[in-house]
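Worksheet: the structure to be examined is printed underneath.
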Amino acid sequence: MTTTLEAPTVHTGLTGTPPGPRRFTKKLIRAVHASAAVVLFALLWELVPRFVLDEGTRTFLPPLSEDVAALWQLVLDGELADHLLASVGRSAAGFAVAVAAAVPLGLLIGWYRPVARFLQPLLELARNTAALALLPVFTLLLGIGELSKVSLVVYACVWPVLLNTIAGVNSVDPLLVKAARSLGLSSPRLFRKVILPSAVPTVFTGIRMAASYSILVLVAAEMVGAKAGLGYLINTSQVNFQIQQMYAGIIAVSLLGVLVNAGFVGLERRFSTWRPKEQA
């Protein structure tokens with residue numbers, strides 16, 4: 001009886017899909033899944049006005065391609081840049097003032113409980129007062145110029161930053177605080193080494209919300225007494241029955257909001273590199 005010896009199988013590691021293409025495929029699938037709803041919405045916006053709506057209704061809801069063409073024309077004329085710079089300048093000024101004031105105040109209120117108990121009723125009253133409801137008050141007191149619009153943005157942005165900063169300080173694990181105190185950390189070092197890093201993610205959540213509010217509130221404020229800005233562009237286009245141009249302004253506001261949010265998401269990741277990454 002003869003026994004046949006087979007050569008051992010050698011695994012070279014070259015079989016199957018290489019890690020690089022596999023990783024690229026996963027990212028591609030994730031990107032397609034994330035953008036599917038937006039693509040579907042864009043298709044509906046293009047096809048429904050073109051093939052479903054009658055001529056009269058289509059006048060007030062043009063296909064997306066016509067609105068994008070109007071947006072591109074505004075870009076070529078330089079008109080969009082002028083309105084965009086005016087809106088971004090006002091939003092950035094109000095947002096910066098709000099963050100500079102709300103973050104230190106939120107840290108102070110969250111760290112010192114007596115201050116929090118004293119200010120809690122006033123904060124609850126102010127946070128539930130819509131910023132746009134105070135637009136007539138700001139206009140009467142500060143006029144229809146730049147100061148009233150920037151002040152309204154400050155008011156709208158202060159509350160999400162302030163309240164999230166307070167929540168971030170209050171949500172720090174008490175065991176971490178006790179452990180830090182048992183190691184002999186002084187109050188300033190405890191605040192700098194434990195409280196502040198733990199509160200950063202919640203603080204940045206409030207900052208991201210405030211960045212969105214700064215654009216939305218300003219666009220509404222620019223519809224009254226402004227001579228430039230995205231809100232002025234939308235309102236003027238609607239009054240003059242330039243419907244495609246009106247939708248172009250709305251699209252510009254949406255794109256600006258997406259870019260601002262994406263920028264702050266990246267900034268949050270930069271300042272939260274110590275946190276463990278979530279598994280996909």
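Starting from 1 in every chain, residues are counted up; chains themselves are A, B, ... following the order of the structure tokens, and ligands are numbered from 1 as listed.
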Closest atom pairs, region 99-167 of chain A residues within 9 Å of region 219-239 of chain A, only C-alpha atoms, as a Markdown table:
| residue | atom | partner | partner_atom | distance |
| --- | --- | --- | --- | --- |
| A:Leu132 | CA | A:Ala221 | CA | 7.8 |
| A:Leu135 | CA | A:Ala221 | CA | 7.2 |
| A:Ile144 | CA | A:Gly225 | CA | 5.5 |
| A:Gly145 | CA | A:Gly225 | CA | 7.3 |
| A:Glu146 | CA | A:Ala226 | CA | 8.4 |
| A:Ser148 | CA | A:Ala221 | CA | 8.8 |
| A:Lys149 | CA | A:Ala221 | CA | 6.2 |
| A:Leu152 | CA | A:Ala221 | CA | 8.0 |
| A:Val153 | CA | A:Ala221 | CA | 8.9 |
Practice item. Using only C-alpha atoms, determine which residues lie at most 10 Å from region 102-108 of chain A, disregarding the query and same-chain residues fewer than 4 positions distant; provide the list as a list of chain:residue names. Key: A:Ala96, A:Val97, A:Ala98, A:Tyr112, A:Arg113, A:Val115, A:Ala116, A:Val154, A:Cys157, A:Val158, A:Trp159, A:Pro160, A:Val161, A:Leu162, A:Leu163, A:Asn164, A:Thr165, A:Ile166, A:Ala167, A:Gly168, A:Val169, A:Asn170, A:Phe191, A:Ile195, A:Leu196, A:Ala199, A:Val203, A:Gly206, A:Ile207
Next, the residues of the selection above should be written as a short mmCIF file (atom, residue, chain, number, x, y, z; two decimals), in the first residue's frame with C-alpha atoms.
data_model
loop_
_atom_site.label_atom_id
_atom_site.label_comp_id
_atom_site.auth_asym_id
_atom_site.auth_seq_id
_atom_site.Cartn_x
_atom_site.Cartn_y
_atom_site.Cartn_z
CA ALA A 96 -18.12 85.09 18.58
CA VAL A 97 -19.51 87.47 21.20
CA ALA A 98 -22.01 84.84 22.38
CA TYR A 112 -20.55 76.98 41.73
CA ARG A 113 -23.89 75.52 42.74
CA VAL A 115 -24.74 80.73 41.58
CA ALA A 116 -26.65 78.11 39.58
CA VAL A 154 -25.90 87.15 20.23
CA CYS A 157 -26.56 81.95 20.34
CA VAL A 158 -25.95 82.55 24.03
CA TRP A 159 -28.51 80.08 25.33
CA PRO A 160 -27.46 76.82 23.63
CA VAL A 161 -23.81 77.48 24.50
CA LEU A 162 -24.58 78.52 28.07
CA LEU A 163 -26.97 75.68 28.87
CA ASN A 164 -24.80 72.99 27.27
CA THR A 165 -21.74 74.28 29.12
CA ILE A 166 -23.61 74.07 32.43
CA ALA A 167 -24.83 70.58 31.55
CA GLY A 168 -21.31 69.52 30.59
CA VAL A 169 -19.90 70.61 33.94
CA ASN A 170 -22.75 68.98 35.86
CA PHE A 191 -11.06 72.20 37.07
CA ILE A 195 -13.85 69.17 34.69
CA LEU A 196 -12.94 71.10 31.56
CA ALA A 199 -17.21 69.05 29.52
CA VAL A 203 -19.77 72.44 25.16
CA GLY A 206 -23.87 73.82 22.23
CA ILE A 207 -21.42 75.71 20.01
#
Where does region 68-105 of chain A meet region 241-259 of chain A within 9 Å, residue by residue, with the nearest atom pair and distance in Å to one decimal for each, counting only C-alpha atoms, listed by chain and rising number, as CSV?
residue,atom,partner,partner_atom,distance
A:Val68,CA,A:Ala248,CA,6.3
A:Ala69,CA,A:Ala248,CA,8.3
A:Ala70,CA,A:Gln245,CA,5.5
A:Leu71,CA,A:Ala248,CA,4.7
A:Trp72,CA,A:Ala248,CA,8.5
A:Leu74,CA,A:Gln245,CA,8.1
A:Leu80,CA,A:Gly249,CA,8.2
A:Leu84,CA,A:Ala252,CA,8.5
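CA of Pro21 (chain A) to CA of Val265 (chain A) spans 26.8 Å [interatomic distance, one decimal].
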Exercise for review: Name the residues in contact with Ala133 (chain A) at a cut-off of 12 Å, using only C-alpha atoms, excluding same-chain residues fewer than 3 positions from it; report them as a list in words.
Suggested key: Ala126, Asn128, Thr129, Ala130, Pro136, Val137, Phe138, Thr139, Leu152, Tyr155, Ala156, Val217, Ala220 and Ala221 of chain A
Could you please take those selected residues and save N, CA and C atoms as a PDB file, in the first residue's frame?
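Listed below is the output, result-v9.pdb:
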ATOM      1  N   ALA A 126     -35.582  83.122  30.302  1.00  0.00           N
ATOM      2  CA  ALA A 126     -34.967  83.672  29.091  1.00  0.00           C
ATOM      3  C   ALA A 126     -34.840  82.632  27.989  1.00  0.00           C
ATOM      4  N   ASN A 128     -36.740  80.232  27.220  1.00  0.00           N
ATOM      5  CA  ASN A 128     -38.020  79.917  26.594  1.00  0.00           C
ATOM      6  C   ASN A 128     -38.633  81.105  25.859  1.00  0.00           C
ATOM      7  N   THR A 129     -37.889  82.188  25.749  1.00  0.00           N
ATOM      8  CA  THR A 129     -38.337  83.345  24.978  1.00  0.00           C
ATOM      9  C   THR A 129     -37.660  83.299  23.616  1.00  0.00           C
ATOM     10  N   ALA A 130     -38.430  83.088  22.573  1.00  0.00           N
ATOM     11  CA  ALA A 130     -37.855  82.944  21.235  1.00  0.00           C
ATOM     12  C   ALA A 130     -37.157  84.229  20.805  1.00  0.00           C
ATOM     13  N   PRO A 136     -38.836  92.782  17.236  1.00  0.00           N
ATOM     14  CA  PRO A 136     -39.350  94.167  17.321  1.00  0.00           C
ATOM     15  C   PRO A 136     -38.714  94.962  18.457  1.00  0.00           C
ATOM     16  N   VAL A 137     -38.417  94.307  19.575  1.00  0.00           N
ATOM     17  CA  VAL A 137     -37.803  95.007  20.709  1.00  0.00           C
ATOM     18  C   VAL A 137     -36.397  95.467  20.347  1.00  0.00           C
ATOM     19  N   PHE A 138     -35.602  94.577  19.758  1.00  0.00           N
ATOM     20  CA  PHE A 138     -34.250  94.948  19.344  1.00  0.00           C
ATOM     21  C   PHE A 138     -34.290  96.071  18.301  1.00  0.00           C
ATOM     22  N   THR A 139     -35.255  96.003  17.401  1.00  0.00           N
ATOM     23  CA  THR A 139     -35.359  97.032  16.365  1.00  0.00           C
ATOM     24  C   THR A 139     -35.731  98.376  16.963  1.00  0.00           C
ATOM     25  N   LEU A 152     -29.292  90.500  18.086  1.00  0.00           N
ATOM     26  CA  LEU A 152     -30.258  89.408  18.042  1.00  0.00           C
ATOM     27  C   LEU A 152     -29.554  88.066  17.875  1.00  0.00           C
ATOM     28  N   TYR A 155     -28.103  87.095  21.243  1.00  0.00           N
ATOM     29  CA  TYR A 155     -29.128  86.568  22.148  1.00  0.00           C
ATOM     30  C   TYR A 155     -29.492  85.130  21.773  1.00  0.00           C
ATOM     31  N   ALA A 156     -29.642  84.863  20.487  1.00  0.00           N
ATOM     32  CA  ALA A 156     -30.032  83.518  20.058  1.00  0.00           C
ATOM     33  C   ALA A 156     -28.936  82.494  20.316  1.00  0.00           C
ATOM     34  N   VAL A 217     -31.431  82.687  12.533  1.00  0.00           N
ATOM     35  CA  VAL A 217     -32.009  83.897  13.109  1.00  0.00           C
ATOM     36  C   VAL A 217     -31.633  85.116  12.283  1.00  0.00           C
ATOM     37  N   ALA A 220     -33.727  85.574   9.103  1.00  0.00           N
ATOM     38  CA  ALA A 220     -35.036  86.165   9.398  1.00  0.00           C
ATOM     39  C   ALA A 220     -34.907  87.647   9.719  1.00  0.00           C
ATOM     40  N   ALA A 221     -33.867  88.026  10.461  1.00  0.00           N
ATOM     41  CA  ALA A 221     -33.687  89.435  10.811  1.00  0.00           C
ATOM     42  C   ALA A 221     -33.355  90.286   9.595  1.00  0.00           C
TER      43      ALA A 221
END
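Using only C-alpha atoms, the smallest distance between any of A:Ile109, A:Ala92, A:Leu64, A:Ala131 and Val39 (chain A) comes from A:Leu64.
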